[in-house]
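Asks: Please find one structure pasted underneath; my questions will follow.
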Amino acid sequence: MQQDTVLGHPKGLFVLFFAELWERFSYYGMRAILVLYLTAETTDLINPGLGWTSSEALSLYGTYGMMVYFMGIFGGAAADKWLGQKKAVIFGGLLIILGQFALTVDSLAMFYSGLVLLVCGVGLLKPNISTMVGGLYKKGDAKRDAGFTLFYIGINIGALAAPLLVGYFGEKVDWHLGFSLAGFGMIIGQLVFVFGGKHLKDVGNLLKQSPTEAHLATQPLTKLEKDRVIVLLISFLIVIVFWAAYEQAGGLMNLYARDSVDRFVFGYEIPTSWFQSLHAFYVVLIGAPMAWLWLKWGNMGKESSAVFKMAVGMIIMSVSFLALMGAVYDASINMIGKAPIYWLLFSYFLHVVAELSISPVALSFITKLAPAKYASLMMGTYFAITGLGNKAASMLGVFAQKSGEMVTFGIIALACLIVGILIFILVKKLKALTHGAEEVENPPMFVEPE
Ligand code: GLN
């Protein structure tokens, strides 16, 4: 498979990069105004909302956040069995566009239909576009991980811009204008994907099977394949704990920032919602240097398997919650009773160092380990697991309302630490179970300049 390249990566990567950037713009843009729209007064003359209570709104938000990722299982299975990833992405993109525009209509029935369309659309699109990234790289290609990091940076450019643009126009002008902006974002993403299709000819197609292959596809998995699936499922356990901790950002850490952090900088009080862009901002800032650091680490002959990186990520995540405990302690002993802002900035930073050691690494890992006939299903299962993490995060947030921040942050720090240490201990065993799936044929230090 001869491919045109840009920056040493297949051109198709940049098609997927921009398509997913706009899909995430649409997703995070809508998410940024959903709760605000639901809770805005119906009597507001300028920009009326639906007048729900906060808990009603948060509960819908939590369910939506879980469902959207949970649907990935069906989206992945549909691609493996009937559609192939490319068609699943196009079909999913269309559903998302319809969903976003349904939200622009001022009717409750259209609002719910819009949400259902979005859940189905993202479920079809998100896992499959991610699997397609893996399909661009041959088995053993050392650039695969870097490709996923680039893709992840694209995701976060969309996630960074969306709350600012969709949030601004939705909140300040008209909610429905915000939703339609999210819809236009998705239209751009869809156009990029369709017109860039010529660079994606060889990826994302339904596996064409000869009668013998069709027969083989019905055979049970081999021992090697089973072992690899086991490693994936174990690594998914890490993922639940990680996302349960990470998603505190939108809930508990958000409330903590609002109520207990001194947000004044040079006399200006930073709005609480701005902290919501911090994750994406840090990813864009340190995504490339982090990928480079891991590569260099590997080139020095040190352990750099995916499970090892994930274990390191979990320990760093644990430290980020220790920092939050530091904030709570600091607030309890200082004069104004509020924590200095640097604790929060530091904790968010560590979140992202951990995220970059876990999230794009997991995506790449799945494309290396999943048996071809279940490639999309495994990816979909991964996203479903992140959905469970989201749900667990909100449950921890509720728990904190009774038990306090110190205890909750402490429990999260401990859970991350335990999982991290456990995986450290198991690294060798887990690696053996991958049966060399991570071996690269052309280690980066020997890659010839293009
Ligand atoms: N923030 C990343 C994205 O939006 C990862 C989300 C996830 O894996 N649940 O793609």
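Each chain in the structure tokens gets a letter, A, B, ..., in the order shown, and its residues are numbered from 1; ligands are numbered from 1 in order too.
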Could you list the protein, DNA and RNA residues that have any atom within 8 Å of ligand 1, counting only C-alpha atoms and all ligand atoms, and write them as a list in words?
Replies: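 Residues satisfying the distance criterion: Arg24, Tyr28, Tyr69, Lys126, Tyr152, Ile155, Asn156, Ala159, Trp243, Ala280, Ser359, Tyr382, Phe383, Thr386, Gly387 and Asn390 of chain A.
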Asks: Quick one: residues within 9 Å of A:Ile97, only C-alpha atoms, excluding same-chain residues fewer than 2 positions away - as a list in words?
Replies: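 In the requested form, the answer reads Ser26, Gly92, Gly93, Leu94, Leu95, Gly99, Gln100, Phe101, Ala102, Leu117, Leu118, Gly121, Ala182, Gly183, Phe184, Gly185, Met186, Ile187 and Gln190 of chain A.
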Asks: Neighbours of A:Asn128 within 8 Å (only C-alpha atoms; same-chain residues fewer than 5 positions away dropped), as a VMD selection string?
Replies: chain A and resid 75 to 76 79 85 to 86 88 to 89 204 376 379 to 380
Asks: Applying 8 Å and only C-alpha atoms, which residues near A:Lys338 remain after dropping the ones on its own chain fewer than 6 positions away? List them as a PDB file with N, CA and C atoms, in the first residue's frame.
Replies:
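Now in selection12.pdb:
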```pdb
ATOM      1  N   SER A 260     -14.266  27.461  46.249  1.00  0.00           N
ATOM      2  CA  SER A 260     -13.184  27.394  47.238  1.00  0.00           C
ATOM      3  C   SER A 260     -11.812  27.767  46.718  1.00  0.00           C
ATOM      4  N   VAL A 261     -11.749  28.295  45.478  1.00  0.00           N
ATOM      5  CA  VAL A 261     -10.430  28.688  44.966  1.00  0.00           C
ATOM      6  C   VAL A 261     -10.410  30.202  44.782  1.00  0.00           C
ATOM      7  N   ASP A 262      -9.306  30.800  45.188  1.00  0.00           N
ATOM      8  CA  ASP A 262      -9.145  32.248  45.008  1.00  0.00           C
ATOM      9  C   ASP A 262      -8.766  32.483  43.539  1.00  0.00           C
ATOM     10  N   ASP A 330      -4.566  23.715  52.267  1.00  0.00           N
ATOM     11  CA  ASP A 330      -4.107  25.104  52.212  1.00  0.00           C
ATOM     12  C   ASP A 330      -5.258  26.065  52.546  1.00  0.00           C
ATOM     13  N   ALA A 331      -6.424  25.776  51.934  1.00  0.00           N
ATOM     14  CA  ALA A 331      -7.590  26.642  52.171  1.00  0.00           C
ATOM     15  C   ALA A 331      -7.997  26.609  53.639  1.00  0.00           C
ATOM     16  N   SER A 332      -7.777  25.462  54.284  1.00  0.00           N
ATOM     17  CA  SER A 332      -8.224  25.348  55.672  1.00  0.00           C
ATOM     18  C   SER A 332      -7.318  26.106  56.635  1.00  0.00           C
TER      19      SER A 332
END
```
Asks: Which of stretch 188-415 of chain A counts as helix (DSSP H, G or I) under DSSP, as a ChimeraX atom specification please?
Replies: /A:188-200,211-217,223-249,252-260,272-299,306-333,341-369,372-403,405-415
Asks: Would you mind telling me which residue in A:His351, A:Lys309, A:Lys368, A:Lys296 lies nearest to A:Glu225 when using only C-alpha atoms?
Replies: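 Distance minimum relative to A:Glu225 lands on A:Lys368.
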Asks: Do you know which residues are at most 7 Å from A:Leu350 counting only C-alpha atoms, after dropping those on the same chain fewer than 3 positions away, and could you put them as a PyMOL selection string?
Replies: chain A and resi 316-317+320+346-347+353-354
Asks: When distances are computed from only C-alpha atoms, which of A:Trp22, A:Tyr168, A:Tyr374, A:Phe266 shows the smallest separation from A:Leu221?
Replies: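 Closest candidate: A:Tyr374.
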Asks: Name all residues at most 10 Å from A:Pro10 (count only C-alpha atoms; drop same-chain ones fewer than 3 positions away) and give them as JSON, numbers by chain.
Replies: {"A": [2, 3, 4, 5, 6, 7, 13, 14, 15, 133, 136, 137, 143, 147, 199, 200]}
Asks: Restrict the selected residues to N, CA and C atoms and save them as a compact mmCIF listing (two decimals), in the first residue's frame.
Replies:
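Written output follows (out.txt):
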```
# COMPACT_ATOMS: atom_id res chain seq x y z
N GLN A 2 1.01 1.90 -1.19
CA GLN A 2 1.85 3.08 -1.30
C GLN A 2 1.03 4.32 -0.92
N GLN A 3 1.48 5.09 0.07
CA GLN A 3 0.67 6.23 0.48
C GLN A 3 1.44 7.53 0.34
N ASP A 4 0.71 8.61 -0.06
CA ASP A 4 1.32 9.94 -0.04
C ASP A 4 1.43 10.35 1.42
N THR A 5 2.54 11.05 1.73
CA THR A 5 2.68 11.44 3.13
C THR A 5 2.84 12.95 3.29
N VAL A 6 2.48 13.43 4.48
CA VAL A 6 2.74 14.82 4.90
C VAL A 6 3.34 14.70 6.28
N LEU A 7 4.43 15.41 6.54
CA LEU A 7 5.13 15.33 7.82
C LEU A 7 5.44 13.88 8.20
N LEU A 13 -4.28 10.71 7.37
CA LEU A 13 -4.32 11.08 8.79
C LEU A 13 -4.86 12.49 8.95
N PHE A 14 -4.48 13.37 8.01
CA PHE A 14 -4.90 14.76 8.16
C PHE A 14 -6.37 14.93 7.79
N VAL A 15 -6.85 14.07 6.92
CA VAL A 15 -8.30 14.08 6.64
C VAL A 15 -9.04 13.70 7.92
N VAL A 133 -7.80 5.48 11.94
CA VAL A 133 -6.44 6.01 12.12
C VAL A 133 -5.45 4.84 12.15
N LEU A 136 -4.39 3.22 8.88
CA LEU A 136 -3.48 3.92 7.97
C LEU A 136 -2.05 3.40 8.09
N TYR A 137 -1.78 2.72 9.21
CA TYR A 137 -0.40 2.28 9.46
C TYR A 137 -0.29 0.77 9.34
N LYS A 143 5.38 4.67 13.46
CA LYS A 143 4.75 6.00 13.51
C LYS A 143 3.31 5.96 14.01
N GLY A 147 1.01 9.06 15.21
CA GLY A 147 -0.19 9.38 14.44
C GLY A 147 -1.39 9.57 15.36
N HIS A 199 -7.90 9.98 -0.08
CA HIS A 199 -6.72 9.58 0.71
C HIS A 199 -7.04 8.45 1.68
N LEU A 200 -8.28 7.99 1.63
CA LEU A 200 -8.68 6.94 2.58
C LEU A 200 -9.18 5.70 1.86
```
Asks: Would you mind telling me which residue in A:Ile157, A:Ala77, A:Leu181, A:Leu58 lies nearest to A:Met30 when using only C-alpha atoms?
Replies: A:Leu181
Asks: How many Å lie between atom CA of A:Phe365 and atom CA of A:Thr131, rounded to one decimal?
Replies: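 Spanning atom CA of A:Phe365 to atom CA of A:Thr131 is a straight-line distance of 10.6 Å.
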Asks: Within 8 Å of A:Leu369, counting only C-alpha atoms, which residues show up once you throw out same-chain ones fewer than 3 positions away? Write them as a list in words, please.
Replies: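 Counting only C-alpha atoms, the residues come to Glu225, Arg228, Val229, Leu232, Phe365, Ile366, Thr434 and Ala437 of chain A.
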Asks: Could the residues in this selection be written to a file with all heavy atoms, as a compact mmCIF listing (two decimals), in the first residue's frame?
Replies:
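Written output follows (selection-v5.txt):
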```
# COMPACT_ATOMS: atom_id res chain seq x y z
N GLU A 225 -5.06 -14.70 19.84
CA GLU A 225 -6.05 -13.61 19.78
C GLU A 225 -6.75 -13.44 21.13
O GLU A 225 -6.98 -12.32 21.58
CB GLU A 225 -7.08 -13.90 18.69
CG GLU A 225 -6.54 -13.71 17.28
CD GLU A 225 -7.54 -14.12 16.21
OE1 GLU A 225 -8.27 -15.11 16.41
OE2 GLU A 225 -7.59 -13.45 15.17
N ARG A 228 -4.60 -11.61 23.58
CA ARG A 228 -4.56 -10.17 23.31
C ARG A 228 -5.84 -9.48 23.76
O ARG A 228 -5.80 -8.38 24.30
CB ARG A 228 -4.33 -9.94 21.82
CG ARG A 228 -2.92 -10.30 21.41
CD ARG A 228 -2.69 -10.05 19.96
NE ARG A 228 -1.29 -10.26 19.63
CZ ARG A 228 -0.82 -10.30 18.39
NH1 ARG A 228 -1.64 -10.15 17.36
NH2 ARG A 228 0.46 -10.47 18.17
N VAL A 229 -6.97 -10.14 23.54
CA VAL A 229 -8.23 -9.55 23.99
C VAL A 229 -8.23 -9.42 25.52
O VAL A 229 -8.69 -8.42 26.07
CB VAL A 229 -9.44 -10.37 23.49
CG1 VAL A 229 -10.73 -9.91 24.14
CG2 VAL A 229 -9.55 -10.26 21.97
N LEU A 232 -6.36 -6.43 26.52
CA LEU A 232 -7.15 -5.23 26.26
C LEU A 232 -8.20 -5.03 27.35
O LEU A 232 -8.36 -3.92 27.87
CB LEU A 232 -7.86 -5.35 24.91
CG LEU A 232 -7.03 -5.01 23.68
CD1 LEU A 232 -7.85 -5.12 22.42
CD2 LEU A 232 -6.47 -3.59 23.79
N PHE A 365 -3.08 1.21 20.97
CA PHE A 365 -2.93 -0.15 21.49
C PHE A 365 -4.07 -1.05 20.99
O PHE A 365 -3.84 -2.18 20.56
CB PHE A 365 -2.97 -0.05 23.02
CG PHE A 365 -2.53 -1.27 23.77
CD1 PHE A 365 -1.31 -1.87 23.50
CD2 PHE A 365 -3.31 -1.80 24.79
CE1 PHE A 365 -0.89 -2.97 24.23
CE2 PHE A 365 -2.90 -2.89 25.52
CZ PHE A 365 -1.69 -3.49 25.23
N ILE A 366 -5.29 -0.52 21.01
CA ILE A 366 -6.44 -1.31 20.57
C ILE A 366 -6.27 -1.70 19.10
O ILE A 366 -6.52 -2.84 18.71
CB ILE A 366 -7.75 -0.52 20.77
CG1 ILE A 366 -8.00 -0.28 22.25
CG2 ILE A 366 -8.95 -1.26 20.16
CD1 ILE A 366 -9.02 0.78 22.56
N THR A 434 0.62 -10.07 25.03
CA THR A 434 0.35 -9.39 23.76
C THR A 434 1.03 -10.11 22.60
O THR A 434 0.80 -9.80 21.44
CB THR A 434 0.84 -7.92 23.76
OG1 THR A 434 2.27 -7.92 23.83
CG2 THR A 434 0.25 -7.12 24.89
N ALA A 437 2.69 -7.91 19.93
CA ALA A 437 1.87 -7.03 19.08
C ALA A 437 2.45 -5.62 18.97
O ALA A 437 2.17 -4.90 18.03
CB ALA A 437 0.46 -6.95 19.64
```
